[in-house]
$ cat start.tsv   # TSV, C-alpha atoms
chain	number	residue	atom	x	y	z
A	498	MET	CA	100.21	80.76	138.10
A	499	SER	CA	97.52	83.20	139.18
A	500	ALA	CA	94.04	82.89	137.75
A	501	ALA	CA	94.17	86.37	136.23
A	502	VAL	CA	97.39	85.66	134.38
A	503	ALA	CA	96.09	82.34	133.18
A	504	ALA	CA	92.86	83.85	131.98
A	505	LYS	CA	94.79	86.46	130.04
A	506	ALA	CA	97.03	83.80	128.57
A	507	ALA	CA	94.05	81.74	127.53
A	508	SER	CA	92.01	84.57	126.07
A	509	GLY	CA	94.67	85.49	123.52
A	510	ALA	CA	95.31	88.84	121.91
A	511	GLY	CA	92.11	89.21	119.89
A	512	GLY	CA	89.95	90.47	122.73
A	513	THR	CA	92.80	92.55	124.11
A	514	GLU	CA	92.76	94.93	121.15
A	515	GLY	CA	89.05	95.58	121.54
A	516	ARG	CA	89.35	96.21	125.26
A	517	LEU	CA	92.41	98.46	125.00
A	518	LYS	CA	90.90	100.47	122.19
A	519	GLU	CA	87.72	101.05	124.11
A	520	LEU	CA	89.70	102.25	127.14
A	521	MET	CA	91.74	104.50	124.86
A	522	LEU	CA	88.67	106.09	123.32
A	523	ARG	CA	87.08	106.67	126.71
A	524	GLY	CA	90.34	108.14	127.98
A	525	LEU	CA	90.50	110.47	124.99
A	526	ASP	CA	87.02	111.67	125.87
A	527	GLY	CA	88.37	112.68	129.27
A	528	GLU	CA	87.44	109.69	131.42
A	529	ALA	CA	90.35	109.61	133.86
A	530	ALA	CA	89.53	106.16	135.25
A	531	ALA	CA	89.57	104.58	131.80
A	532	HIS	CA	92.83	106.33	131.01
A	533	ALA	CA	94.42	105.05	134.21
A	534	GLU	CA	93.14	101.56	133.52
A	535	LEU	CA	94.56	101.69	130.01
A	536	LEU	CA	98.01	102.74	131.20
A	537	ALA	CA	98.02	100.17	133.98
A	538	ASP	CA	96.87	97.43	131.63
A	539	LEU	CA	99.32	98.52	129.04
A	540	SER	CA	102.40	98.65	131.24
A	541	GLY	CA	102.81	94.88	131.16
A	542	TYR	CA	102.96	94.68	127.38
A	543	PRO	CA	105.91	96.95	126.67
A	544	ARG	CA	107.65	95.39	129.68
A	545	GLY	CA	107.37	91.98	128.04
A	546	TYR	CA	108.29	93.34	124.64
A	547	PHE	CA	111.41	95.05	125.97
A	548	ALA	CA	112.35	92.15	128.25
A	549	ARG	CA	112.36	89.80	125.31
A	550	ARG	CA	114.82	92.11	123.53
A	551	LEU	CA	117.01	93.39	126.35
A	552	GLY	CA	116.88	90.45	128.73
A	553	ALA	CA	114.47	90.15	131.63
A	554	GLY	CA	116.81	91.66	134.22
A	555	ALA	CA	117.97	94.63	132.14
A	556	ALA	CA	118.59	97.69	134.29
A	557	ASP	CA	116.85	100.12	131.93
A	558	LEU	CA	113.77	98.00	131.52
A	559	GLU	CA	111.52	99.97	133.84
A	560	ASP	CA	112.80	103.33	132.54
A	561	LEU	CA	111.91	102.24	129.05
A	562	VAL	CA	108.46	101.11	130.14
A	563	GLN	CA	107.86	104.47	131.80
A	564	GLU	CA	109.09	106.40	128.78
A	565	THR	CA	106.73	104.42	126.61
A	566	LEU	CA	103.76	105.05	128.89
A	567	LEU	CA	104.64	108.73	129.03
A	568	ALA	CA	104.88	108.92	125.24
A	569	ILE	CA	101.56	107.12	124.86
A	570	HIS	CA	100.05	109.66	127.20
A	571	LEU	CA	101.65	112.75	125.65
A	572	LYS	CA	101.08	111.74	122.05
A	573	ARG	CA	97.59	110.35	122.45
A	574	ALA	CA	96.15	113.11	120.27
A	575	THR	CA	97.89	111.47	117.31
A	576	PHE	CA	95.81	108.33	117.71
A	577	ASP	CA	93.40	108.00	114.80
A	578	ARG	CA	90.09	106.80	116.21
A	579	SER	CA	89.24	104.96	113.03
A	580	GLN	CA	92.35	102.78	113.32
A	581	PRO	CA	93.19	99.85	115.61
A	582	PHE	CA	94.98	100.70	118.84
A	583	THR	CA	97.63	97.97	118.99
A	584	PRO	CA	99.71	99.02	115.94
A	585	TRP	CA	99.78	102.58	117.24
A	586	ALA	CA	101.01	101.55	120.68
A	587	TYR	CA	103.42	99.02	119.21
A	588	ALA	CA	105.00	101.67	116.97
A	589	ILE	CA	105.61	103.88	119.99
A	590	ALA	CA	107.16	101.04	122.01
A	591	ARG	CA	109.40	100.11	119.10
A	592	TYR	CA	110.39	103.74	118.61
A	593	LYS	CA	111.35	104.00	122.27
A	594	LEU	CA	113.45	100.86	121.95
A	595	LEU	CA	115.23	102.34	118.92
A	596	THR	CA	115.87	105.55	120.84
A	597	HIS	CA	117.24	103.50	123.69
A	598	PHE	CA	119.69	101.67	121.45
A	599	ARG	CA	120.76	104.95	119.89
A	600	ARG	CA	121.44	106.36	123.32
A	601	LEU	CA	123.65	103.40	124.04
A	602	GLY	CA	125.53	104.26	120.89
A	603	ALA	CA	124.77	100.91	119.41
A	604	ARG	CA	123.66	100.84	115.81
A	605	ARG	CA	121.08	98.14	116.09
A	606	MET	CA	118.23	97.36	113.84
A	607	VAL	CA	114.90	96.73	115.45
A	608	PRO	CA	112.89	94.64	113.04
A	609	LEU	CA	109.44	95.91	112.17
A	610	GLU	CA	107.28	93.05	113.30
A	611	ASP	CA	103.61	92.45	113.42
A	612	ALA	CA	102.04	94.79	115.96
A	613	GLY	CA	100.69	91.73	117.80
A	614	GLU	CA	104.26	91.33	119.06
A	615	LEU	CA	103.38	93.95	121.65
A	616	LEU	CA	100.55	91.86	123.03
A	617	ALA	CA	102.53	88.64	122.93
A	618	ALA	CA	103.26	86.80	126.18
A	619	GLU	CA	103.70	89.42	128.83
A	620	ASN	CA	107.12	88.29	129.83
A	621	VAL	CA	109.58	85.66	128.95
A	622	GLU	CA	108.65	83.28	131.71
A	623	GLU	CA	104.97	83.63	131.13
A	624	GLY	CA	105.44	82.96	127.44
A	625	ALA	CA	107.24	79.74	128.24
A	626	VAL	CA	104.50	78.70	130.65
A	627	ARG	CA	101.82	79.37	128.09
A	628	HIS	CA	103.72	77.38	125.52
A	629	ASP	CA	104.09	74.40	127.84
A	630	LEU	CA	100.47	74.58	128.88
A	631	GLY	CA	99.28	74.62	125.31
A	632	ARG	CA	101.43	71.63	124.47
A	633	LEU	CA	100.19	69.66	127.48
A	634	LEU	CA	96.57	70.49	126.91
A	635	ALA	CA	96.85	69.39	123.32
A	636	LYS	CA	97.32	65.84	124.59
A	637	LEU	CA	93.81	65.76	126.02
A	638	PRO	CA	90.75	64.91	123.95
A	639	GLY	CA	88.77	68.00	122.87
A	640	ARG	CA	86.03	67.86	125.45
A	641	GLN	CA	88.31	67.34	128.41
A	642	ARG	CA	90.64	70.04	127.12
A	643	ALA	CA	87.79	72.54	127.01
A	644	LEU	CA	86.75	71.58	130.51
A	645	VAL	CA	90.24	72.02	131.96
A	646	ALA	CA	90.68	75.34	130.17
A	647	ASP	CA	87.31	76.63	131.37
A	648	VAL	CA	87.77	75.67	134.99
A	649	LYS	CA	91.50	75.95	135.57
A	650	LEU	CA	92.44	78.75	133.17
A	651	GLN	CA	89.34	80.85	132.62
A	652	GLY	CA	88.22	80.48	136.21
A	653	LEU	CA	84.66	79.31	135.54
A	654	THR	CA	82.94	77.31	138.26
A	655	LEU	CA	82.52	73.59	137.70
A	656	GLU	CA	78.77	74.10	137.16
A	657	GLU	CA	79.29	76.80	134.52
A	658	ALA	CA	81.89	74.74	132.72
A	659	ALA	CA	79.66	71.68	132.79
A	660	ALA	CA	76.79	73.67	131.30
A	661	ARG	CA	79.04	74.96	128.55
A	662	GLY	CA	80.21	71.45	127.76
A	663	GLY	CA	76.71	70.01	127.95
A	664	LEU	CA	77.58	67.77	130.92
A	665	THR	CA	76.00	67.20	134.28
A	666	PRO	CA	78.05	68.67	137.14
A	667	GLY	CA	78.81	65.18	138.38
A	668	ALA	CA	80.12	63.97	135.05
A	669	ALA	CA	82.15	67.15	134.65
A	670	LYS	CA	83.72	66.61	138.05
A	671	VAL	CA	84.77	63.08	137.19
A	672	SER	CA	86.06	64.12	133.79
A	673	LEU	CA	88.04	67.03	135.21
A	674	HIS	CA	89.55	64.80	137.87
A	675	ARG	CA	90.65	62.25	135.28
A	676	SER	CA	92.06	64.96	133.00
A	677	LEU	CA	94.13	66.47	135.75
A	678	LYS	CA	95.45	63.08	136.76
A	679	ARG	CA	96.42	62.44	133.18
A	680	LEU	CA	98.14	65.81	132.89
A	681	ALA	CA	100.06	65.13	136.09
A	682	ARG	CA	101.19	61.82	134.66
A	683	GLU	CA	102.28	63.48	131.42
A	684	VAL	CA	104.34	66.06	133.29
A	685	ARG	CA	105.96	63.36	135.42
A	686	ASP	CA	106.80	61.30	132.35
A	687	GLU	CA	108.32	64.31	130.62
A	688	ASP	CA	110.52	65.07	133.56
B	1010	MET	CA	109.53	107.04	140.30
B	1011	ARG	CA	107.65	103.80	140.34
B	1012	THR	CA	105.59	102.88	137.34
B	1013	ASP	CA	102.31	102.82	139.21
B	1014	GLU	CA	103.00	106.30	140.58
B	1015	LEU	CA	103.68	107.51	137.06
B	1016	ILE	CA	100.41	106.01	135.87
B	1017	ALA	CA	98.51	107.68	138.70
B	1018	ALA	CA	100.14	111.02	137.85
B	1019	LEU	CA	99.34	110.67	134.15
B	1020	ALA	CA	95.75	109.72	134.89
B	1021	GLN	CA	95.37	113.02	136.77
B	1022	ASP	CA	96.06	114.73	133.48
B	1023	ALA	CA	93.33	112.97	131.51
B	1024	ARG	CA	91.54	115.96	130.08
B	1025	PRO	CA	89.56	115.34	126.90
B	1026	VAL	CA	91.87	115.32	123.92
B	1027	ARG	CA	90.96	116.62	120.52
B	1028	ALA	CA	92.40	114.50	117.75
B	1029	VAL	CA	94.95	116.32	115.65
B	1030	SER	CA	94.98	116.22	111.89
B	1031	PRO	CA	98.58	115.57	110.78
B	1032	TRP	CA	97.55	116.46	107.24
B	1033	ARG	CA	96.37	119.90	108.25
B	1034	ARG	CA	99.36	120.59	110.45
B	1035	CYS	CA	101.83	119.60	107.76
B	1036	ALA	CA	99.91	121.57	105.13
B	1037	LEU	CA	99.88	124.71	107.27
B	1038	ALA	CA	103.58	124.32	107.98
B	1039	ALA	CA	104.33	123.88	104.28
B	1040	LEU	CA	102.29	126.97	103.42
B	1041	GLY	CA	104.11	129.01	106.04
B	1042	GLY	CA	107.43	127.77	104.69
B	1043	ALA	CA	106.30	128.57	101.15
B	1044	ALA	CA	105.60	132.17	102.15
B	1045	VAL	CA	109.11	132.51	103.54
B	1046	ALA	CA	110.57	130.87	100.43
B	1047	ALA	CA	108.59	133.32	98.25
B	1048	VAL	CA	110.01	136.30	100.13
B	1049	ILE	CA	113.51	134.88	99.70
B	1050	LEU	CA	112.91	134.34	95.99
B	1051	ILE	CA	111.70	137.90	95.46
B	1052	ALA	CA	114.63	139.38	97.37
B	1053	TRP	CA	117.17	137.09	95.73
B	1054	LEU	CA	116.17	136.45	92.12
B	1055	GLY	CA	112.95	138.39	91.62
B	1056	LEU	CA	109.86	137.20	89.75
B	1057	ARG	CA	109.47	136.55	86.07
B	1058	PRO	CA	106.93	138.88	84.38
B	1059	MET	CA	103.73	137.25	85.64
B	1060	GLY	CA	101.43	138.31	82.80
B	1061	GLU	CA	103.58	136.51	80.28
B	1062	ALA	CA	103.99	133.52	82.59
B	1063	MET	CA	100.25	133.07	83.11
B	1064	ALA	CA	99.71	132.93	79.35
B	1065	ASN	CA	102.43	130.35	78.97
B	1066	PRO	CA	101.39	126.66	79.20
B	1067	SER	CA	104.86	125.67	80.36
B	1068	PHE	CA	104.38	127.75	83.52
B	1069	TRP	CA	101.26	125.74	84.31
B	1070	MET	CA	102.91	122.46	83.38
B	1071	LYS	CA	105.68	123.10	85.88
B	1072	ALA	CA	103.26	124.31	88.54
B	1073	ALA	CA	101.08	121.24	88.09
B	1074	TYR	CA	104.08	118.91	88.29
B	1075	THR	CA	105.61	120.40	91.41
B	1076	SER	CA	102.33	120.91	93.24
B	1077	GLY	CA	101.37	117.33	92.36
B	1078	LEU	CA	104.61	116.19	93.98
B	1079	ALA	CA	103.89	118.44	96.95
B	1080	LEU	CA	100.42	116.95	97.47
B	1081	ALA	CA	101.77	113.40	97.34
B	1082	ALA	CA	104.57	114.34	99.75
B	1083	LEU	CA	102.02	115.90	102.05
B	1084	ALA	CA	100.05	112.65	102.11
B	1085	LEU	CA	103.25	110.74	102.90
B	1086	ALA	CA	104.35	113.12	105.63
B	1087	ALA	CA	100.91	113.08	107.23
B	1088	GLN	CA	100.87	109.27	107.21
B	1089	LEU	CA	104.33	109.04	108.73
B	1090	ALA	CA	103.50	111.65	111.36
B	1091	ARG	CA	101.48	109.09	113.31
B	1092	PRO	CA	102.93	106.07	115.10
B	1093	GLY	CA	102.57	103.04	112.90
B	1094	GLY	CA	101.50	105.04	109.84
B	1095	ARG	CA	101.86	103.26	106.53
B	1096	VAL	CA	102.91	104.99	103.34
B	1097	GLY	CA	100.91	102.83	100.88
B	1098	ARG	CA	98.63	105.13	98.93
B	1099	GLY	CA	100.97	108.12	99.13
B	1100	LEU	CA	103.57	106.36	97.01
B	1101	LEU	CA	101.04	105.83	94.22
B	1102	LEU	CA	100.13	109.51	94.41
B	1103	LEU	CA	103.81	110.32	94.10
B	1104	ALA	CA	104.22	108.10	91.06
B	1105	ALA	CA	101.45	109.90	89.16
B	1106	PRO	CA	103.18	113.25	88.46
B	1107	LEU	CA	106.55	111.54	87.96
B	1108	VAL	CA	105.19	109.18	85.32
B	1109	ALA	CA	103.12	111.89	83.63
B	1110	LEU	CA	106.02	114.30	83.27
B	1111	ALA	CA	108.45	111.57	82.23
B	1112	ALA	CA	106.01	110.64	79.46
B	1113	LEU	CA	105.81	114.29	78.33
B	1114	ALA	CA	109.60	114.51	78.33
B	1115	VAL	CA	109.97	111.36	76.26
B	1116	VAL	CA	107.42	112.61	73.74
B	1117	GLN	CA	109.16	115.95	73.54
B	1118	ALA	CA	112.53	114.29	73.01
B	1119	ALA	CA	111.07	112.08	70.30
B	1120	VAL	CA	109.73	115.00	68.23
B	1121	THR	CA	112.75	117.26	68.77
B	1122	PRO	CA	115.47	117.34	66.08
B	1123	MET	CA	118.92	116.13	67.07
B	1124	ALA	CA	120.35	119.64	66.97
B	1125	ASP	CA	117.95	120.86	69.67
B	1126	GLN	CA	118.25	117.92	72.05
B	1127	ARG	CA	120.83	119.71	74.14
B	1128	THR	CA	118.52	122.69	74.58
B	1129	ILE	CA	115.51	120.71	75.80
B	1130	TRP	CA	117.51	118.59	78.24
B	1131	LEU	CA	119.91	121.19	79.61
B	1132	GLY	CA	118.23	124.54	78.96
B	1133	VAL	CA	120.46	127.39	80.11
B	1134	THR	CA	120.22	127.02	83.88
B	1135	TRP	CA	120.73	123.30	84.51
B	1136	THR	CA	123.76	123.88	86.71
B	1137	LEU	CA	121.82	126.26	88.94
B	1138	CYS	CA	118.28	124.90	89.02
B	1139	PRO	CA	118.63	121.98	91.51
B	1140	TRP	CA	120.66	124.08	93.96
B	1141	ARG	CA	118.24	126.98	93.86
B	1142	ILE	CA	115.36	124.62	94.50
B	1143	LEU	CA	117.28	123.11	97.39
B	1144	ALA	CA	117.94	126.57	98.85
B	1145	LEU	CA	114.28	127.54	98.60
B	1146	SER	CA	113.26	124.27	100.25
B	1147	ILE	CA	115.14	125.00	103.47
B	1148	PRO	CA	112.51	127.21	105.18
B	1149	VAL	CA	109.79	124.75	104.18
B	1150	TYR	CA	111.75	121.82	105.59
B	1151	ALA	CA	112.31	123.66	108.85
B	1152	ALA	CA	108.60	124.41	109.23
B	1153	VAL	CA	107.49	120.87	108.38
B	1154	VAL	CA	110.03	119.31	110.73
B	1155	LEU	CA	108.81	121.52	113.55
B	1156	ALA	CA	105.26	120.38	112.85
B	1157	LEU	CA	106.32	116.72	112.71
B	1158	ARG	CA	108.16	116.94	116.01
B	1159	ARG	CA	104.95	117.98	117.69
B	1160	LEU	CA	103.25	114.94	116.21
B	1161	ALA	CA	104.76	111.48	116.65
B	1162	PRO	CA	106.71	110.09	113.70
B	1163	THR	CA	108.13	106.71	114.73
B	1164	GLU	CA	110.26	106.28	111.63
B	1165	PRO	CA	112.45	109.38	111.65
B	1166	VAL	CA	114.37	108.68	108.46
B	1167	ARG	CA	111.31	108.02	106.34
B	1168	ALA	CA	109.42	110.90	107.87
B	1169	GLY	CA	112.46	113.10	107.23
B	1170	ALA	CA	112.49	111.99	103.61
B	1171	ALA	CA	108.80	112.84	103.26
B	1172	ALA	CA	109.40	116.25	104.83
B	1173	GLY	CA	112.34	116.84	102.47
B	1174	LEU	CA	110.24	115.76	99.51
B	1175	LEU	CA	107.47	118.11	100.52
B	1176	ALA	CA	109.95	120.94	101.06
B	1177	GLY	CA	111.64	120.30	97.72
B	1178	ALA	CA	108.34	120.19	95.86
B	1179	VAL	CA	107.15	123.41	97.48
B	1180	GLY	CA	110.55	125.02	96.87
B	1181	ALA	CA	110.35	124.00	93.21
B	1182	THR	CA	106.84	125.43	92.92
B	1183	VAL	CA	108.07	128.73	94.32
B	1184	TYR	CA	111.09	128.64	92.00
B	1185	GLY	CA	108.72	128.32	89.03
B	1186	PHE	CA	107.74	131.94	89.61
B	1187	TYR	CA	111.23	132.95	88.60
B	1188	CYS	CA	112.54	130.24	86.27
B	1189	ARG	CA	111.79	130.56	82.56
B	1190	GLU	CA	112.87	127.10	81.50
B	1191	SER	CA	109.92	125.64	79.64
B	1192	ALA	CA	110.89	122.20	78.34
B	1193	PRO	CA	109.24	119.19	80.02
B	1194	ALA	CA	112.53	117.34	79.49
B	1195	PHE	CA	114.40	119.98	81.48
B	1196	VAL	CA	111.83	120.00	84.26
B	1197	ALA	CA	111.70	116.21	84.42
B	1198	VAL	CA	115.46	116.06	85.02
B	1199	TRP	CA	116.52	119.19	86.87
B	1200	TYR	CA	113.45	120.10	88.89
B	1201	THR	CA	113.20	116.46	89.88
B	1202	ALA	CA	116.88	116.47	90.81
B	1203	GLY	CA	116.37	119.46	93.10
B	1204	VAL	CA	113.38	117.82	94.77
B	1205	ALA	CA	115.25	114.51	95.12
B	1206	LEU	CA	118.23	116.30	96.64
B	1207	SER	CA	115.96	117.89	99.19
B	1208	ALA	CA	114.30	114.54	99.97
B	1209	GLY	CA	117.67	112.81	100.42
B	1210	LEU	CA	119.06	115.46	102.70
B	1211	GLY	CA	115.74	115.55	104.51
B	1212	ALA	CA	116.05	111.83	105.24
B	1213	LEU	CA	119.60	112.28	106.54
B	1214	ALA	CA	118.66	115.19	108.78
B	1215	GLY	CA	115.38	113.58	109.81
B	1216	GLY	CA	117.18	110.80	111.65
B	1217	ARG	CA	118.63	113.44	113.97
B	1218	LEU	CA	115.95	116.11	114.00
B	1219	LEU	CA	112.82	114.04	114.36
B	1220	ARG	CA	113.35	112.86	117.91
B	1221	TRP	CA	110.73	113.30	120.56

$ encode --input "start.tsv" --output "structure tokens"
Amino acid sequence: MSAAVAAKAASGAGGTEGRLKELMLRGLDGEAAAHAELLADLSGYPRGYFARRLGAGAADLEDLVQETLLAIHLKRATFDRSQPFTPWAYAIARYKLLTHFRRLGARRMVPLEDAGELLAAENVEEGAVRHDLGRLLAKLPGRQRALVADVKLQGLTLEEAAARGGLTPGAAKVSLHRSLKRLAREVRDED
Amino acid sequence: MRTDELIAALAQDARPVRAVSPWRRCALAALGGAAVAAVILIAWLGLRPMGEAMANPSFWMKAAYTSGLALAALALAAQLARPGGRVGRGLLLLAAPLVALAALAVVQAAVTPMADQRTIWLGVTWTLCPWRILALSIPVYAAVVLALRRLAPTEPVRAGAAAGLLAGAVGATVYGFYCRESAPAFVAVWYTAGVALSAGLGALAGGRLLRW
């Protein structure tokens, strides 16, 4: 698992909304770089959302992602700056999924879920990984858990993580080593 | 086309965007549709003598009822014109004129002698009224749907219902310039029926028309 993916998985959806909305607002003001960053950032979310509903290998997956990005671009004037970004983007992705089903001639209901669904695990596999990780980490005592998360998931250096946890670098190193050994043992036992 | 190429192409097109006001767009569309409906009314049925109408409280009662419905429908349509829009407050707004007129109708029925009940509930035009309102709503519906298509309704059936409701309410307001029925009981049943008909058909058509 790459550090970037892990960091995203660990940071959760709360900060994502703030970041995406800021990019959206800057894009609306005409900042092309922010707009490009928003679309690039965003492309993973509908992909995950659609993959979870159509199956990861579905042939139309990428078409659907592109249609969604295009709609987000073309309809961005309908975004209300006083409102959160995620529900707006989610509604568009869901609408595109509905349109897709209609095109297939299938009368299928797409449940109206919480908009956070869009920001949920980026794809099926990643969701499973995050789930497993969370379960494993939960077996560690609080302090060690924080240390592992900071160093291995967030990508902090050992020194930074030690400072955050109020440890000396040496103690942090020993603690991290023990934690990882324990995690390895847990995984082995599970298998 | 690969997704990253698409993103690069779209980013090229990142001019500043002015936020649209769905409320204003729907209102302008409804007004345009109302003008067309008024022309149709004049050519088709004509106007009632306006001097007499203006002095008549029932004219104002009807106008207040149907324009109240139109305002609530406008709020609903504007909400549903945006992705993820919620209807919440608009439904309360819609309930207000309905409840008020229903109360008037009940009071009127309570103080009316048995022999006149038929008159206040059916008037003389009850078989025509809902259909005429529906006919007058058509140009309004067309204009509002065009406006909605340029926005981004993500729930086509609900947005279609709101557009139909708005069209029906505007159509009924226009029809009030011809119709001489004056009983709240009549208006509460037959005007409401015409508006409801328009809303129902609007929902049906919306599922097909409101695609973007």

$ interface_residues --input "start.tsv" --of "chain B" --to "chain A" --cutoff "6 Å" --atoms "only C-alpha atoms" --output "JSON, numbers by chain"
{"B": [1020, 1023, 1024, 1025, 1026, 1028, 1029, 1091, 1092, 1093, 1163]}

$ axis_aligned_box --input "start.tsv" --around "region 1190-1206 of chain B" --padding-each-side "3 Å" --output "AutoDock Vina command-line options"
--center_x 113.7 --center_y 120.8 --center_z 87.5 --size_x 15.0 --size_y 18.6 --size_z 24.3

$ residues_around --input "start.tsv" --residues "Cys1035 (chain B)" --least-positions-apart "2" --cutoff "9 Å" --atoms "all atoms listed in the file" --output "PyMOL selection string"
chain B and resi 1030-1033+1037-1040+1083+1086-1087+1090+1152-1154+1156-1157+1172

$ write_last_selection --input "start.tsv" --atoms "C-alpha atoms" --output "PDB file, keeping the file's coordinate frame"
ATOM      1  CA  SER B1030      94.980 116.220 111.890  1.00  0.00           C
ATOM      2  CA  PRO B1031      98.580 115.570 110.780  1.00  0.00           C
ATOM      3  CA  TRP B1032      97.550 116.460 107.240  1.00  0.00           C
ATOM      4  CA  ARG B1033      96.370 119.900 108.250  1.00  0.00           C
ATOM      5  CA  LEU B1037      99.880 124.710 107.270  1.00  0.00           C
ATOM      6  CA  ALA B1038     103.580 124.320 107.980  1.00  0.00           C
ATOM      7  CA  ALA B1039     104.330 123.880 104.280  1.00  0.00           C
ATOM      8  CA  LEU B1040     102.290 126.970 103.420  1.00  0.00           C
ATOM      9  CA  LEU B1083     102.020 115.900 102.050  1.00  0.00           C
ATOM     10  CA  ALA B1086     104.350 113.120 105.630  1.00  0.00           C
ATOM     11  CA  ALA B1087     100.910 113.080 107.230  1.00  0.00           C
ATOM     12  CA  ALA B1090     103.500 111.650 111.360  1.00  0.00           C
ATOM     13  CA  ALA B1152     108.600 124.410 109.230  1.00  0.00           C
ATOM     14  CA  VAL B1153     107.490 120.870 108.380  1.00  0.00           C
ATOM     15  CA  VAL B1154     110.030 119.310 110.730  1.00  0.00           C
ATOM     16  CA  ALA B1156     105.260 120.380 112.850  1.00  0.00           C
ATOM     17  CA  LEU B1157     106.320 116.720 112.710  1.00  0.00           C
ATOM     18  CA  ALA B1172     109.400 116.250 104.830  1.00  0.00           C
TER      19      ALA B1172
END

$ atom_distance --input "start.tsv" --atom1 "CA of Ala1043 (chain B)" --atom2 "CA of Arg1220 (chain B)"
24.0 Å

$ atom_distance --input "start.tsv" --atom1 "CA of Ser672 (chain A)" --atom2 "CA of Glu657 (chain A)"
14.4 Å

$ closest_atom_pairs --input "start.tsv" --of "region 1098-1179 of chain B" --to "region 1199-1210 of chain B" --cutoff "9 Å" --atoms "only C-alpha atoms" --output "CSV"
residue,atom,partner,partner_atom,distance
B:Leu1107,CA,B:Thr1201,CA,8.5
B:Trp1130,CA,B:Trp1199,CA,8.7
B:Leu1131,CA,B:Trp1199,CA,8.3
B:Trp1135,CA,B:Trp1199,CA,6.3
B:Thr1136,CA,B:Trp1199,CA,8.6
B:Cys1138,CA,B:Trp1199,CA,6.4
B:Pro1139,CA,B:Gly1203,CA,3.7
B:Trp1140,CA,B:Gly1203,CA,6.4
B:Arg1141,CA,B:Gly1203,CA,7.8
B:Ile1142,CA,B:Gly1203,CA,5.4
B:Leu1143,CA,B:Ser1207,CA,5.7
B:Ala1144,CA,B:Ser1207,CA,8.9
B:Ser1146,CA,B:Ser1207,CA,7.0
B:Ile1147,CA,B:Ser1207,CA,8.3
B:Tyr1150,CA,B:Ser1207,CA,8.6
B:Gly1169,CA,B:Ala1208,CA,7.6
B:Ala1170,CA,B:Ala1208,CA,4.8
B:Ala1171,CA,B:Ala1208,CA,6.6
B:Ala1172,CA,B:Ala1208,CA,7.1
B:Gly1173,CA,B:Ala1208,CA,3.9
B:Leu1174,CA,B:Ala1208,CA,4.3
B:Leu1175,CA,B:Ala1208,CA,7.7
B:Ala1176,CA,B:Ser1207,CA,7.0
B:Gly1177,CA,B:Val1204,CA,4.2
B:Ala1178,CA,B:Val1204,CA,5.7
B:Val1179,CA,B:Val1204,CA,8.8

$ atom_distance --input "start.tsv" --atom1 "CA of Gly639 (chain A)" --atom2 "CA of Lys670 (chain A)"
16.1 Å

$ closest_residue --input "start.tsv" --among "B:Leu1080, B:Leu1145, B:Ala1181, B:Ala1118" --to "Trp1053 (chain B)" --atoms "all atoms listed in the file"
B:Leu1145

$ residues_around --input "start.tsv" --residues "Arg1127 (chain B)" --least-positions-apart "5" --cutoff "12 Å" --atoms "only C-alpha atoms" --output "number ranges by chain"
B: 1118, 1121-1122, 1132-1133, 1135, 1192, 1194-1195

$ write_last_selection --input "start.tsv" --atoms "C-alpha atoms" --output "tab-separated table (two decimals), keeping the file's coordinate frame"
chain	number	residue	atom	x	y	z
B	1118	ALA	CA	112.53	114.29	73.01
B	1121	THR	CA	112.75	117.26	68.77
B	1122	PRO	CA	115.47	117.34	66.08
B	1132	GLY	CA	118.23	124.54	78.96
B	1133	VAL	CA	120.46	127.39	80.11
B	1135	TRP	CA	120.73	123.30	84.51
B	1192	ALA	CA	110.89	122.20	78.34
B	1194	ALA	CA	112.53	117.34	79.49
B	1195	PHE	CA	114.40	119.98	81.48

$ closest_residue --input "start.tsv" --among "B:Ala1017, B:Leu1102, B:Ile1129, B:Leu1155" --to "Tyr1074 (chain B)" --atoms "all atoms listed in the file"
B:Leu1102

$ closest_residue --input "start.tsv" --among "A:Val684, A:Leu520, A:Leu673, A:Ala553" --to "Pro638 (chain A)" --atoms "only C-alpha atoms"
A:Leu673

$ closest_residue --input "start.tsv" --among "A:Val645, A:Leu653, A:Gln580, A:Val607" --to "Leu680 (chain A)" --atoms "only C-alpha atoms"
A:Val645

$ closest_residue --input "start.tsv" --among "B:Ala1161, B:Ile1016, B:Leu1219, B:Ala1109" --to "Lys1071 (chain B)" --atoms "only C-alpha atoms"
B:Ala1109

$ build_atoms --input "start.tsv" --residues "region 1066-1071 of chain B" --atoms "N, CA and C atoms" --output "mmCIF file, keeping the file's coordinate frame"
data_model
loop_
_atom_site.group_PDB
_atom_site.id
_atom_site.type_symbol
_atom_site.label_atom_id
_atom_site.label_comp_id
_atom_site.auth_asym_id
_atom_site.auth_seq_id
_atom_site.Cartn_x
_atom_site.Cartn_y
_atom_site.Cartn_z
ATOM 1 N N PRO B 1066 101.746 127.997 78.685
ATOM 2 C CA PRO B 1066 101.390 126.660 79.200
ATOM 3 C C PRO B 1066 102.527 126.024 79.999
ATOM 4 N N SER B 1067 103.757 126.338 79.660
ATOM 5 C CA SER B 1067 104.860 125.670 80.360
ATOM 6 C C SER B 1067 104.894 126.083 81.839
ATOM 7 N N PHE B 1068 104.463 127.315 82.116
ATOM 8 C CA PHE B 1068 104.380 127.750 83.520
ATOM 9 C C PHE B 1068 103.418 126.846 84.287
ATOM 10 N N TRP B 1069 102.280 126.562 83.657
ATOM 11 C CA TRP B 1069 101.260 125.740 84.310
ATOM 12 C C TRP B 1069 101.690 124.277 84.389
ATOM 13 N N MET B 1070 102.413 123.833 83.357
ATOM 14 C CA MET B 1070 102.910 122.460 83.380
ATOM 15 C C MET B 1070 103.843 122.266 84.590
ATOM 16 N N LYS B 1071 104.742 123.204 84.751
ATOM 17 C CA LYS B 1071 105.680 123.100 85.880
ATOM 18 C C LYS B 1071 104.936 123.187 87.224
#
